[in-house]
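Data block below; observations after.
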Amino acid sequence: MKLFDVYPINPINIVKGVGSLVYDDKGTEYLDLYGGHAVISIGHTHPHYVKRLEDQLHRIGFYSNSIEIPLQKELAEKLGKVSGKEDYQLFLCNSGAEANENALKLASFYNGKKKIIAFRKSFHGRTSLAVAATDNPKIIAPVNETDNVIFLPWNEESALDDAFVEHEISSVIIEGIQGVGGINVADIGFLKKIRALCDQYHAVFIADSVQCGYGRSGKFFSHDFAHVNADIYTMAKGMGNGFPIGGIIISPKIQPTYGMLGTTFGGNHLACAAGLAVLEVIEQENLIENAAKLGKYLADEISKFEQVTEVRGRGLMIGIELPAELAHVRKELLMKHHIFTGEAKPNVIRLLPALNLTKAHADRFLEAFSSVLNYQLT
Ligand SMILES: Cc1ncc(COP(=O)(O)O)c(C=O)c1O
């Protein structure tokens, strides 16, 4: 049987990883500033993570949500503490799209309304509502098309005002920092405006934190920079450091009823062990502070390169915009310098490394970047 060929892949077979380094089947070392698409939050094969998963697997890997799973409560407790949203409620699922799907659905259950506000260049996943709220017609199949989603321009407050007056809005879904869209930071005033309008019109504020959450921005949720609370935060990627786990945390004003949401795999024992291991390491090793510090260092240094058009982002979620003629830089970083980075088309390099990136690894990137740009570091 052949694989269904949907991914343009690099001819590299990664077989091993330690921290921010990965190795291919020929023993070549690569610096991983891509984190498998913002997934590796505490570094590859972190010993605490490996041990916690191994120990759990020896006890039990899975049982369904029809029984008590104390690990879920432990995870909720820890997540409340580390995120600062202690009075929220946790629902666990398996991926980012699923988290957003559940959030949008829950919002509609809550207020009985249908219209969703999403933003230009947003990415929220590939399942039915999540993809409908994604601003990319190429990945929306005819069956996913709906007039329930209204796309508005990014960071434009007046368009928000108008949409709330014209439509019965159920929810607003927004990434605090757009990832796939090219690392675009939501203005603090814009997030505050969303909060105010959602309060005024009984709509639900959904903070898609699948990519920009979990400490990556230098705060637990990037929306926290605006000092407002969303009603639902959606999470995945960094939550399991590679183990598939997603979730939503829900404000106390939205109350559950039996059967409202559900899942077979979500919240299984092994997933919870992975989620707990990640939070324990984030807490014990002060990784959110490290993301803020190293992110600032990298962004400051990158902005010194005169060829760079713009540096965007927060913490260790960095977008480097280059002029079109330098679109080859990312490929060269990989092929010549063995550094993985992400991209946002057409010419934005995305840095999404593990939150425990070291200064030495940041410098290794800066030297390689300098050499590709043919620019001497001062
Ligand atoms: C902001 C955002 N939301 C949702 C998703 C979808 O997550 P998943 O691929 O786990 O379904 C992604 C994935 O890139 C994302 O970046």
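Note on naming: chains are A, B, ... as they come in the structure tokens, residues start from 1 per chain, ligands start from 1 in the order shown.
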
Query raised in the report: Which parts of stretch 278-345 of chain A does DSSP call helix (DSSP H, G or I) when run on the backbone here, written out as a PyMOL selection string?
Result: chain A and resi 278-284+287-302+324-326+329-335

Query raised in the report: What lies within 6 Å of A:His269 using only C-alpha atoms, ignoring chain neighbours under 3 positions off, as a ChimeraX atom specification?
Result: /A:61-62,272

Selected residues, N, CA and C atoms, written as a tab-separated table (two decimals), in the first residue's frame, please.
```
chain	number	residue	atom	x	y	z
A	61	GLY	N	-2.14	2.12	29.78
A	61	GLY	CA	-2.03	3.18	28.79
A	61	GLY	C	-3.37	3.86	28.53
A	62	PHE	N	-4.42	3.06	28.49
A	62	PHE	CA	-5.72	3.59	28.09
A	62	PHE	C	-6.86	2.93	28.83
A	272	CYS	N	-2.51	11.88	29.62
A	272	CYS	CA	-2.44	12.70	30.84
A	272	CYS	C	-1.03	12.66	31.43
```

Query raised in the report: DSSP says strand (DSSP E) for which residues of stretch 71-126 of chain A? Put them as a ChimeraX atom specification?
Result: /A:89-93,115-119

Report task. Please identify every polymer residue within 7 Å of ligand 1, using only C-alpha atoms and all ligand atoms, and present the set as a ChimeraX atom specification. Result -> /A:95-98,100,123-126,175,178-180,208-212,236-237

Export of prior selection with N, CA and C atoms as a short mmCIF file (atom, residue, chain, number, x, y, z; two decimals), in the first residue's frame:
```
data_model
loop_
_atom_site.label_atom_id
_atom_site.label_comp_id
_atom_site.auth_asym_id
_atom_site.auth_seq_id
_atom_site.Cartn_x
_atom_site.Cartn_y
_atom_site.Cartn_z
N SER A 95 -6.31 16.83 19.58
CA SER A 95 -5.59 17.66 18.60
C SER A 95 -6.11 19.09 18.65
N GLY A 96 -5.43 19.96 17.93
CA GLY A 96 -5.81 21.36 17.91
C GLY A 96 -7.14 21.61 17.20
N ALA A 97 -7.32 20.94 16.07
CA ALA A 97 -8.57 21.11 15.33
C ALA A 97 -9.74 20.67 16.19
N GLU A 98 -9.55 19.56 16.87
CA GLU A 98 -10.62 19.03 17.72
C GLU A 98 -10.92 20.00 18.88
N ASN A 100 -10.56 23.26 18.81
CA ASN A 100 -11.32 24.39 18.26
C ASN A 100 -12.75 23.98 17.91
N PHE A 123 -5.60 30.36 10.98
CA PHE A 123 -5.59 28.90 10.78
C PHE A 123 -6.10 28.27 12.07
N HIS A 124 -7.17 27.47 11.96
CA HIS A 124 -7.73 26.85 13.16
C HIS A 124 -7.86 25.34 13.05
N GLY A 125 -7.40 24.74 11.95
CA GLY A 125 -7.44 23.28 11.85
C GLY A 125 -8.22 22.82 10.63
N ARG A 126 -8.36 21.52 10.49
CA ARG A 126 -8.87 20.95 9.25
C ARG A 126 -10.18 20.19 9.38
N GLU A 175 -6.31 33.68 17.24
CA GLU A 175 -4.97 33.30 17.72
C GLU A 175 -4.34 34.57 18.31
N GLN A 178 -0.87 34.89 15.23
CA GLN A 178 -1.15 33.97 14.12
C GLN A 178 0.12 33.23 13.75
N GLY A 179 0.01 31.91 13.63
CA GLY A 179 1.18 31.09 13.31
C GLY A 179 1.31 30.86 11.82
N VAL A 180 0.44 30.01 11.28
CA VAL A 180 0.48 29.69 9.85
C VAL A 180 0.36 30.97 9.01
N ASP A 208 -7.59 30.86 20.53
CA ASP A 208 -6.89 29.70 19.95
C ASP A 208 -5.42 29.79 20.37
N SER A 209 -5.05 28.93 21.30
CA SER A 209 -3.69 28.93 21.83
C SER A 209 -2.96 27.65 21.44
N VAL A 210 -3.44 27.03 20.36
CA VAL A 210 -2.87 25.75 19.92
C VAL A 210 -1.39 25.90 19.60
N GLN A 211 -1.04 26.99 18.91
CA GLN A 211 0.36 27.19 18.55
C GLN A 211 1.04 28.24 19.45
N CYS A 212 0.32 29.31 19.79
CA CYS A 212 0.95 30.42 20.53
C CYS A 212 0.86 30.24 22.04
N ALA A 236 -3.11 22.49 22.20
CA ALA A 236 -2.66 21.17 21.69
C ALA A 236 -1.13 21.25 21.60
N LYS A 237 -0.60 21.04 20.41
CA LYS A 237 0.85 21.10 20.14
C LYS A 237 1.76 20.90 21.36
#
```

Query raised in the report: Could you name the residues that touch A:Glu310 at 12 Å or less, counting only C-alpha atoms, but leaving out those on the same chain fewer than 2 positions away, as a PyMOL selection string?
Result: chain A and resi 182-184+299-300+302-308+312-313+318-323+347-349

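Residues surrounding stretch 27-34 of chain A within 9 Å are Val15, Gly19, Ser20, Leu21, Val22, Tyr23, Ala38, Val39, Ile40, Leu334, His337, His338, Ile339, Phe340, Thr341, Gly342, Arg350, Leu351, Leu352, Pro353, Ala354, Leu357, His361, Ala362, Arg364 and Phe365 of chain A [only C-alpha atoms; sequence separation below 4 positions excluded].
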
Report summary line: In terms of only C-alpha atoms, the residue from A:Asn155, A:Gln89, A:Asn286, A:Thr263 at minimal distance from A:Tyr233 is A:Gln89

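The smallest atom-to-atom distance between A:Ile169 and any of A:Arg216, A:Lys114, A:Lys192, A:Arg120, using only C-alpha atoms, is found for A:Lys114.
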